[in-house]
Amino acid sequence: MKKFDKERVLLAVAGPVIALAVAFVLSAIVLVASGKNPVEPFAIMFEQAGFSDIQVLIVNQASMYYIAALAVAIGFRMNLFNIGVDGQYQLGAMMAAVVGAHANLPAFLQVPLLLLTAVLTGAFWAGIAGVLKVTRGVSEVVATIMLNAIATSLIVYMWKPDVFGVKIGNNSTTGEMHESGWIPGIDTGEAGEIYGLLLLAVLLGIGYWVVLNRTRFGFDLRASGASESAASASGVDPKRMVLTAMLLSGAVAGLAGLPILLGDSHTYNLNFPTGIGFLGIGIALLGRNSPVGIAFAALLWAWLDKASPELDFHGYDKEIAVIMQGLIVLSVVVSYEAVREWGLRRQQRRVGAELAAGHVLGADNNTTKEVAGR
């Protein structure tokens, strides 16, 4: 491996490693400040990761986190901050649940219909922010935050019994979906079932890498995110790329809730997980927008979620996991900037050394020519 490639790998790994180390240290300091053992909570959570049922829960949760983080990462690669993934994901799941409860097609048609419903819903909701940005210059951050609030209101409206809602006790639901839309999981015995749509998360990760790194469209997308003026000079329409990126980000976000919807709950109700879109932001940051890095970050986040409840039985607050997640996000921002500055200084020193070597070589050549001329 070339020296330059080794440096790139080092820079890519250094940021996440430093961020995690700092987050663990700061979490330990918080525990010490509260009079608790700074090591035992982490040992308990690591022990939980060894149980097969917890492993299944982690993988299932990570599949949803991974899809949400990919949606965020698509925006990041275009220098867009799609903070509305949570609203797009919830609306996508809601509409898929409604369609699944009212349409009853054969499975080979029903499942694609539900997937398409979620994709189109998420893309439409993100597309609103994209259109506002390219036509009116409205920040996608402001637009998507407001659209999150509107999405929540729409969901509450659709839960009304005279719209799509079905009351089951005190729980508002969309009614149970027809079995033709259920996707069977991978049976692991007593540990439970792994969501069948885990495969969808894997395929999305592969597609994300191929499109961004092996296609002209992916190059245009990254070029537009790096410099709109340079992209325009090369014939790329930055506004079209902004809108396309928002549509793609929303389309992927719409799929984030389907692993649990089609694999477990089979309805959209008050107990449906929320906040996944916001967690996807931290996961995408920690994973450096890389499909492999995001996978490890999603597993880490899921581990913190599913292993932390055990802390309550040992005299520790499970909220330590939430604190750690917040510290990871904060550490990521700081460590990545530090690593970037360090890499920039190394690059400057290397260029300076090469220029100096070039001057020395040039001087030696001139001396040789003079001696030969004499």
# chains A, B, ... in the order shown; residues from 1 in each chain; ligands from 1
call {"tool": "residues_around", "arguments": {"residues": "Phe24 in chain A", "least_positions_apart": "6", "cutoff": "9 Å", "atoms": "only C-alpha atoms", "output": "list in words"}}
result
Phe42, Met324, Leu327 and Ile328 of chain A
call {"tool": "write_last_selection", "arguments": {"atoms": "N, CA and C atoms", "output": "PDB file, in the first residue's frame"}}
result
ATOM      1  N   PHE A  42     -20.090  -0.234  31.874  1.00  0.00           N
ATOM      2  CA  PHE A  42     -19.657  -0.647  30.543  1.00  0.00           C
ATOM      3  C   PHE A  42     -19.416  -2.153  30.501  1.00  0.00           C
ATOM      4  N   MET A 324     -23.965   8.916  26.725  1.00  0.00           N
ATOM      5  CA  MET A 324     -22.834   8.520  25.895  1.00  0.00           C
ATOM      6  C   MET A 324     -23.096   8.791  24.425  1.00  0.00           C
ATOM      7  N   LEU A 327     -22.486  12.392  23.917  1.00  0.00           N
ATOM      8  CA  LEU A 327     -21.060  12.691  23.980  1.00  0.00           C
ATOM      9  C   LEU A 327     -20.339  12.214  22.720  1.00  0.00           C
ATOM     10  N   ILE A 328     -20.806  11.104  22.150  1.00  0.00           N
ATOM     11  CA  ILE A 328     -20.191  10.614  20.906  1.00  0.00           C
ATOM     12  C   ILE A 328     -20.377  11.636  19.791  1.00  0.00           C
TER      13      ILE A 328
END
call {"tool": "closest_atom_pairs", "arguments": {"of": "range 59-138 of chain A", "to": "range 276-286 of chain A", "cutoff": "9 Å", "atoms": "only C-alpha atoms", "output": "Markdown table"}}
result
| residue | atom | partner | partner_atom | distance |
| --- | --- | --- | --- | --- |
| A:Met64 | CA | A:Ile276 | CA | 7.6 |
| A:Tyr65 | CA | A:Gly280 | CA | 5.9 |
| A:Tyr66 | CA | A:Gly280 | CA | 7.3 |
| A:Ile67 | CA | A:Gly280 | CA | 8.1 |
| A:Ala68 | CA | A:Gly280 | CA | 5.1 |
| A:Ala69 | CA | A:Gly280 | CA | 4.0 |
| A:Leu70 | CA | A:Ala284 | CA | 6.9 |
| A:Ala71 | CA | A:Gly280 | CA | 8.0 |
| A:Val72 | CA | A:Ile281 | CA | 6.0 |
| A:Ala73 | CA | A:Ala284 | CA | 5.7 |
| A:Phe76 | CA | A:Ala284 | CA | 8.6 |
| A:Phe81 | CA | A:Ile281 | CA | 9.0 |
| A:Asn82 | CA | A:Ile281 | CA | 8.8 |
| A:Ile83 | CA | A:Phe278 | CA | 7.0 |
| A:Gly84 | CA | A:Gly277 | CA | 7.2 |
| A:Val85 | CA | A:Gly277 | CA | 4.7 |
| A:Asp86 | CA | A:Gly277 | CA | 3.8 |
| A:Gly87 | CA | A:Gly277 | CA | 7.5 |
| A:Gln88 | CA | A:Gly277 | CA | 8.3 |
| A:Tyr89 | CA | A:Gly277 | CA | 7.0 |
| A:Gln90 | CA | A:Gly277 | CA | 8.9 |
call {"tool": "select_by_dssp", "arguments": {"residues": "range 82-312 of chain A", "states": "alpha helix (DSSP H)", "output": "PyMOL selection string"}}
result
chain A and resi 85-102+107-136+140-158+198-214+216-226+228-233+238-253+258-260+276-286+291-307
call {"tool": "select_by_dssp", "arguments": {"residues": "range 88-307 of chain A", "states": "strand (DSSP E)", "output": "VMD selection string"}}
result
chain A and resid 166 to 168 171 to 173 186 to 187 193 to 194
call {"tool": "residues_around", "arguments": {"residues": "range 147-158 of chain A", "least_positions_apart": "2", "cutoff": "7 Å", "atoms": "only C-alpha atoms", "output": "VMD selection string"}}
result
chain A and resid 84 86 to 87 91 143 to 145 160 163 to 165
call {"tool": "write_last_selection", "arguments": {"atoms": "C-alpha atoms", "output": "PDB file, in the first residue's frame"}}
result
ATOM      1  CA  GLY A  84     -36.279  15.854   8.353  1.00  0.00           C
ATOM      2  CA  ASP A  86     -37.564  11.435  11.130  1.00  0.00           C
ATOM      3  CA  GLY A  87     -40.713  12.934   9.607  1.00  0.00           C
ATOM      4  CA  LEU A  91     -44.887   9.237   7.175  1.00  0.00           C
ATOM      5  CA  ALA A 143     -37.751  23.561   5.946  1.00  0.00           C
ATOM      6  CA  THR A 144     -37.218  19.970   7.110  1.00  0.00           C
ATOM      7  CA  ILE A 145     -37.589  20.878  10.794  1.00  0.00           C
ATOM      8  CA  LYS A 160     -58.734   9.572  13.579  1.00  0.00           C
ATOM      9  CA  VAL A 163     -59.970   8.710   8.461  1.00  0.00           C
ATOM     10  CA  PHE A 164     -57.663   5.656   8.684  1.00  0.00           C
ATOM     11  CA  GLY A 165     -57.481   5.085  12.440  1.00  0.00           C
TER      12      GLY A 165
END
call {"tool": "atom_distance", "arguments": {"atom1": "CA of Gly192 in chain A", "atom2": "CA of Ile260 in chain A"}}
result
13.5 Å
call {"tool": "residues_around", "arguments": {"residues": "Gly263 in chain A", "least_positions_apart": "3", "cutoff": "8 Å", "atoms": "only C-alpha atoms", "output": "VMD selection string"}}
result
chain A and resid 182 to 185 195 to 197 258 to 260 266
call {"tool": "residues_around", "arguments": {"residues": "range 308-323 of chain A", "least_positions_apart": "3", "cutoff": "12 Å", "atoms": "only C-alpha atoms", "output": "PDB file with N, CA, C and O atoms, in the first residue's frame"}}
result
ATOM      1  N   ALA A  23     -15.569   9.896  24.273  1.00  0.00           N
ATOM      2  CA  ALA A  23     -16.918   9.698  24.797  1.00  0.00           C
ATOM      3  C   ALA A  23     -16.907   8.736  25.991  1.00  0.00           C
ATOM      4  O   ALA A  23     -17.590   8.965  26.996  1.00  0.00           O
ATOM      5  N   PHE A  24     -16.120   7.648  25.906  1.00  0.00           N
ATOM      6  CA  PHE A  24     -16.031   6.709  27.021  1.00  0.00           C
ATOM      7  C   PHE A  24     -15.417   7.385  28.250  1.00  0.00           C
ATOM      8  O   PHE A  24     -15.899   7.200  29.377  1.00  0.00           O
ATOM      9  N   VAL A  25     -14.363   8.163  28.031  1.00  0.00           N
ATOM     10  CA  VAL A  25     -13.701   8.845  29.152  1.00  0.00           C
ATOM     11  C   VAL A  25     -14.652   9.849  29.809  1.00  0.00           C
ATOM     12  O   VAL A  25     -14.773   9.903  31.041  1.00  0.00           O
ATOM     13  N   LEU A  26     -15.325  10.647  28.995  1.00  0.00           N
ATOM     14  CA  LEU A  26     -16.248  11.645  29.552  1.00  0.00           C
ATOM     15  C   LEU A  26     -17.417  10.982  30.279  1.00  0.00           C
ATOM     16  O   LEU A  26     -17.881  11.471  31.316  1.00  0.00           O
ATOM     17  N   SER A  27     -17.904   9.856  29.744  1.00  0.00           N
ATOM     18  CA  SER A  27     -18.984   9.128  30.414  1.00  0.00           C
ATOM     19  C   SER A  27     -18.513   8.598  31.761  1.00  0.00           C
ATOM     20  O   SER A  27     -19.261   8.619  32.755  1.00  0.00           O
ATOM     21  N   ALA A  28     -17.269   8.123  31.803  1.00  0.00           N
ATOM     22  CA  ALA A  28     -16.706   7.646  33.072  1.00  0.00           C
ATOM     23  C   ALA A  28     -16.596   8.785  34.077  1.00  0.00           C
ATOM     24  O   ALA A  28     -16.848   8.601  35.274  1.00  0.00           O
ATOM     25  N   ILE A  29     -16.235   9.970  33.595  1.00  0.00           N
ATOM     26  CA  ILE A  29     -16.142  11.136  34.483  1.00  0.00           C
ATOM     27  C   ILE A  29     -17.519  11.483  35.057  1.00  0.00           C
ATOM     28  O   ILE A  29     -17.647  11.814  36.241  1.00  0.00           O
ATOM     29  N   VAL A  30     -18.548  11.381  34.210  1.00  0.00           N
ATOM     30  CA  VAL A  30     -19.912  11.637  34.688  1.00  0.00           C
ATOM     31  C   VAL A  30     -20.294  10.638  35.779  1.00  0.00           C
ATOM     32  O   VAL A  30     -20.895  11.004  36.803  1.00  0.00           O
ATOM     33  N   LEU A  31     -19.924   9.378  35.599  1.00  0.00           N
ATOM     34  CA  LEU A  31     -20.227   8.353  36.595  1.00  0.00           C
ATOM     35  C   LEU A  31     -19.485   8.622  37.905  1.00  0.00           C
ATOM     36  O   LEU A  31     -20.055   8.484  38.996  1.00  0.00           O
ATOM     37  N   SER A  34     -21.036  11.346  39.874  1.00  0.00           N
ATOM     38  CA  SER A  34     -22.290  10.966  40.528  1.00  0.00           C
ATOM     39  C   SER A  34     -22.088   9.891  41.582  1.00  0.00           C
ATOM     40  O   SER A  34     -23.054   9.318  42.088  1.00  0.00           O
ATOM     41  N   GLY A  35     -20.805   9.589  41.891  1.00  0.00           N
ATOM     42  CA  GLY A  35     -20.498   8.616  42.938  1.00  0.00           C
ATOM     43  C   GLY A  35     -20.648   7.174  42.517  1.00  0.00           C
ATOM     44  O   GLY A  35     -20.831   6.299  43.360  1.00  0.00           O
ATOM     45  N   LYS A  36     -20.566   6.899  41.224  1.00  0.00           N
ATOM     46  CA  LYS A  36     -20.741   5.537  40.713  1.00  0.00           C
ATOM     47  C   LYS A  36     -19.409   4.966  40.225  1.00  0.00           C
ATOM     48  O   LYS A  36     -18.450   5.705  39.952  1.00  0.00           O
ATOM     49  N   ASN A  37     -19.378   3.660  40.081  1.00  0.00           N
ATOM     50  CA  ASN A  37     -18.216   2.981  39.516  1.00  0.00           C
ATOM     51  C   ASN A  37     -18.122   3.328  38.031  1.00  0.00           C
ATOM     52  O   ASN A  37     -19.078   3.094  37.283  1.00  0.00           O
ATOM     53  N   PRO A  38     -16.983   3.864  37.560  1.00  0.00           N
ATOM     54  CA  PRO A  38     -16.895   4.307  36.165  1.00  0.00           C
ATOM     55  C   PRO A  38     -16.679   3.186  35.159  1.00  0.00           C
ATOM     56  O   PRO A  38     -16.723   3.420  33.954  1.00  0.00           O
ATOM     57  N   VAL A  39     -16.437   1.970  35.638  1.00  0.00           N
ATOM     58  CA  VAL A  39     -16.101   0.859  34.740  1.00  0.00           C
ATOM     59  C   VAL A  39     -17.220  -0.177  34.668  1.00  0.00           C
ATOM     60  O   VAL A  39     -17.529  -0.710  33.593  1.00  0.00           O
ATOM     61  N   GLU A  40     -17.843  -0.467  35.796  1.00  0.00           N
ATOM     62  CA  GLU A  40     -18.822  -1.556  35.862  1.00  0.00           C
ATOM     63  C   GLU A  40     -19.983  -1.420  34.874  1.00  0.00           C
ATOM     64  O   GLU A  40     -20.375  -2.418  34.250  1.00  0.00           O
ATOM     65  N   PRO A  41     -20.564  -0.220  34.673  1.00  0.00           N
ATOM     66  CA  PRO A  41     -21.672  -0.128  33.710  1.00  0.00           C
ATOM     67  C   PRO A  41     -21.292  -0.580  32.314  1.00  0.00           C
ATOM     68  O   PRO A  41     -22.072  -1.263  31.639  1.00  0.00           O
ATOM     69  N   PHE A  42     -20.090  -0.234  31.874  1.00  0.00           N
ATOM     70  CA  PHE A  42     -19.657  -0.647  30.543  1.00  0.00           C
ATOM     71  C   PHE A  42     -19.416  -2.153  30.501  1.00  0.00           C
ATOM     72  O   PHE A  42     -19.715  -2.820  29.503  1.00  0.00           O
ATOM     73  N   ALA A  43     -18.883  -2.705  31.603  1.00  0.00           N
ATOM     74  CA  ALA A  43     -18.671  -4.156  31.662  1.00  0.00           C
ATOM     75  C   ALA A  43     -20.006  -4.893  31.588  1.00  0.00           C
ATOM     76  O   ALA A  43     -20.121  -5.927  30.921  1.00  0.00           O
ATOM     77  N   ILE A  44     -21.025  -4.345  32.256  1.00  0.00           N
ATOM     78  CA  ILE A  44     -22.358  -4.967  32.225  1.00  0.00           C
ATOM     79  C   ILE A  44     -22.930  -4.942  30.801  1.00  0.00           C
ATOM     80  O   ILE A  44     -23.481  -5.941  30.327  1.00  0.00           O
ATOM     81  N   MET A  45     -22.790  -3.805  30.133  1.00  0.00           N
ATOM     82  CA  MET A  45     -23.332  -3.699  28.770  1.00  0.00           C
ATOM     83  C   MET A  45     -22.571  -4.584  27.798  1.00  0.00           C
ATOM     84  O   MET A  45     -23.161  -5.188  26.897  1.00  0.00           O
ATOM     85  N   PHE A  46     -21.250  -4.685  27.967  1.00  0.00           N
ATOM     86  CA  PHE A  46     -20.474  -5.587  27.100  1.00  0.00           C
ATOM     87  C   PHE A  46     -20.888  -7.034  27.335  1.00  0.00           C
ATOM     88  O   PHE A  46     -20.945  -7.842  26.402  1.00  0.00           O
ATOM     89  N   GLU A  47     -21.186  -7.373  28.579  1.00  0.00           N
ATOM     90  CA  GLU A  47     -21.631  -8.732  28.891  1.00  0.00           C
ATOM     91  C   GLU A  47     -22.955  -9.045  28.206  1.00  0.00           C
ATOM     92  O   GLU A  47     -23.162 -10.154  27.710  1.00  0.00           O
ATOM     93  N   GLN A  48     -23.854  -8.043  28.148  1.00  0.00           N
ATOM     94  CA  GLN A  48     -25.149  -8.241  27.504  1.00  0.00           C
ATOM     95  C   GLN A  48     -25.000  -8.580  26.023  1.00  0.00           C
ATOM     96  O   GLN A  48     -25.812  -9.318  25.457  1.00  0.00           O
ATOM     97  N   ALA A  49     -23.981  -8.023  25.398  1.00  0.00           N
ATOM     98  CA  ALA A  49     -23.774  -8.265  23.965  1.00  0.00           C
ATOM     99  C   ALA A  49     -23.452  -9.723  23.669  1.00  0.00           C
ATOM    100  O   ALA A  49     -23.507 -10.155  22.513  1.00  0.00           O
ATOM    101  N   ILE A  54     -30.155 -10.684  22.947  1.00  0.00           N
ATOM    102  CA  ILE A  54     -29.758  -9.279  22.849  1.00  0.00           C
ATOM    103  C   ILE A  54     -29.112  -9.011  21.495  1.00  0.00           C
ATOM    104  O   ILE A  54     -29.317  -7.955  20.879  1.00  0.00           O
ATOM    105  N   ILE A  58     -30.195  -6.201  18.831  1.00  0.00           N
ATOM    106  CA  ILE A  58     -29.224  -5.217  18.334  1.00  0.00           C
ATOM    107  C   ILE A  58     -29.228  -5.173  16.808  1.00  0.00           C
ATOM    108  O   ILE A  58     -29.261  -4.101  16.199  1.00  0.00           O
ATOM    109  N   LEU A 279     -31.395  10.114  15.364  1.00  0.00           N
ATOM    110  CA  LEU A 279     -30.258   9.261  15.699  1.00  0.00           C
ATOM    111  C   LEU A 279     -29.413   8.973  14.458  1.00  0.00           C
ATOM    112  O   LEU A 279     -28.194   8.817  14.548  1.00  0.00           O
ATOM    113  N   LEU A 300     -23.206  -0.010  17.064  1.00  0.00           N
ATOM    114  CA  LEU A 300     -22.824   0.586  18.343  1.00  0.00           C
ATOM    115  C   LEU A 300     -24.016   1.260  19.007  1.00  0.00           C
ATOM    116  O   LEU A 300     -24.280   1.067  20.200  1.00  0.00           O
ATOM    117  N   TRP A 301     -24.757   2.050  18.227  1.00  0.00           N
ATOM    118  CA  TRP A 301     -25.936   2.748  18.766  1.00  0.00           C
ATOM    119  C   TRP A 301     -26.977   1.752  19.254  1.00  0.00           C
ATOM    120  O   TRP A 301     -27.569   1.934  20.317  1.00  0.00           O
ATOM    121  N   ALA A 302     -27.194   0.704  18.458  1.00  0.00           N
ATOM    122  CA  ALA A 302     -28.180  -0.306  18.839  1.00  0.00           C
ATOM    123  C   ALA A 302     -27.741  -1.045  20.096  1.00  0.00           C
ATOM    124  O   ALA A 302     -28.571  -1.380  20.960  1.00  0.00           O
ATOM    125  N   TRP A 303     -26.452  -1.302  20.218  1.00  0.00           N
ATOM    126  CA  TRP A 303     -25.931  -1.951  21.427  1.00  0.00           C
ATOM    127  C   TRP A 303     -26.178  -1.090  22.662  1.00  0.00           C
ATOM    128  O   TRP A 303     -26.623  -1.587  23.697  1.00  0.00           O
ATOM    129  N   LEU A 304     -25.920   0.203  22.549  1.00  0.00           N
ATOM    130  CA  LEU A 304     -26.161   1.105  23.680  1.00  0.00           C
ATOM    131  C   LEU A 304     -27.642   1.100  24.067  1.00  0.00           C
ATOM    132  O   LEU A 304     -27.992   1.158  25.247  1.00  0.00           O
ATOM    133  N   ASP A 305     -28.520   1.022  23.064  1.00  0.00           N
ATOM    134  CA  ASP A 305     -29.967   1.025  23.333  1.00  0.00           C
ATOM    135  C   ASP A 305     -30.434  -0.263  24.001  1.00  0.00           C
ATOM    136  O   ASP A 305     -31.221  -0.243  24.954  1.00  0.00           O
ATOM    137  N   GLY A 326     -24.919  11.183  23.207  1.00  0.00           N
ATOM    138  CA  GLY A 326     -24.733  12.616  23.017  1.00  0.00           C
ATOM    139  C   GLY A 326     -23.274  13.001  23.019  1.00  0.00           C
ATOM    140  O   GLY A 326     -22.833  13.843  22.211  1.00  0.00           O
ATOM    141  N   LEU A 327     -22.486  12.392  23.917  1.00  0.00           N
ATOM    142  CA  LEU A 327     -21.060  12.691  23.980  1.00  0.00           C
ATOM    143  C   LEU A 327     -20.339  12.214  22.720  1.00  0.00           C
ATOM    144  O   LEU A 327     -19.374  12.839  22.271  1.00  0.00           O
ATOM    145  N   ILE A 328     -20.806  11.104  22.150  1.00  0.00           N
ATOM    146  CA  ILE A 328     -20.191  10.614  20.906  1.00  0.00           C
ATOM    147  C   ILE A 328     -20.377  11.636  19.791  1.00  0.00           C
ATOM    148  O   ILE A 328     -19.440  11.956  19.055  1.00  0.00           O
ATOM    149  N   VAL A 329     -21.606  12.158  19.660  1.00  0.00           N
ATOM    150  CA  VAL A 329     -21.871  13.157  18.617  1.00  0.00           C
ATOM    151  C   VAL A 329     -20.994  14.386  18.824  1.00  0.00           C
ATOM    152  O   VAL A 329     -20.388  14.906  17.874  1.00  0.00           O
ATOM    153  N   LEU A 330     -20.911  14.866  20.074  1.00  0.00           N
ATOM    154  CA  LEU A 330     -20.078  16.034  20.364  1.00  0.00           C
ATOM    155  C   LEU A 330     -18.608  15.742  20.081  1.00  0.00           C
ATOM    156  O   LEU A 330     -17.905  16.560  19.466  1.00  0.00           O
TER     157      LEU A 330
END
call {"tool": "atom_distance", "arguments": {"atom1": "CA of Val211 in chain A", "atom2": "CA of Asn79 in chain A"}}
result
16.7 Å
call {"tool": "residues_around", "arguments": {"residues": "Met177 in chain A", "least_positions_apart": "3", "cutoff": "7 Å", "atoms": "only C-alpha atoms", "output": "list in words"}}
result
Ala97, Gly100, Ala101, Gly181, His266 and Thr267 of chain A
call {"tool": "atom_distance", "arguments": {"atom1": "CA of His178 in chain A", "atom2": "CA of Phe108 in chain A"}}
result
13.1 Å
call {"tool": "closest_residue", "arguments": {"among": "A:Ser249, A:Asn171, A:Ser180, A:Asn60", "to": "Ala103 in chain A", "atoms": "only C-alpha atoms"}}
result
A:Ser180
call {"tool": "closest_residue", "arguments": {"among": "A:Leu114, A:Met78, A:Val351, A:Leu270", "to": "Pro238 in chain A", "atoms": "only C-alpha atoms"}}
result
A:Met78
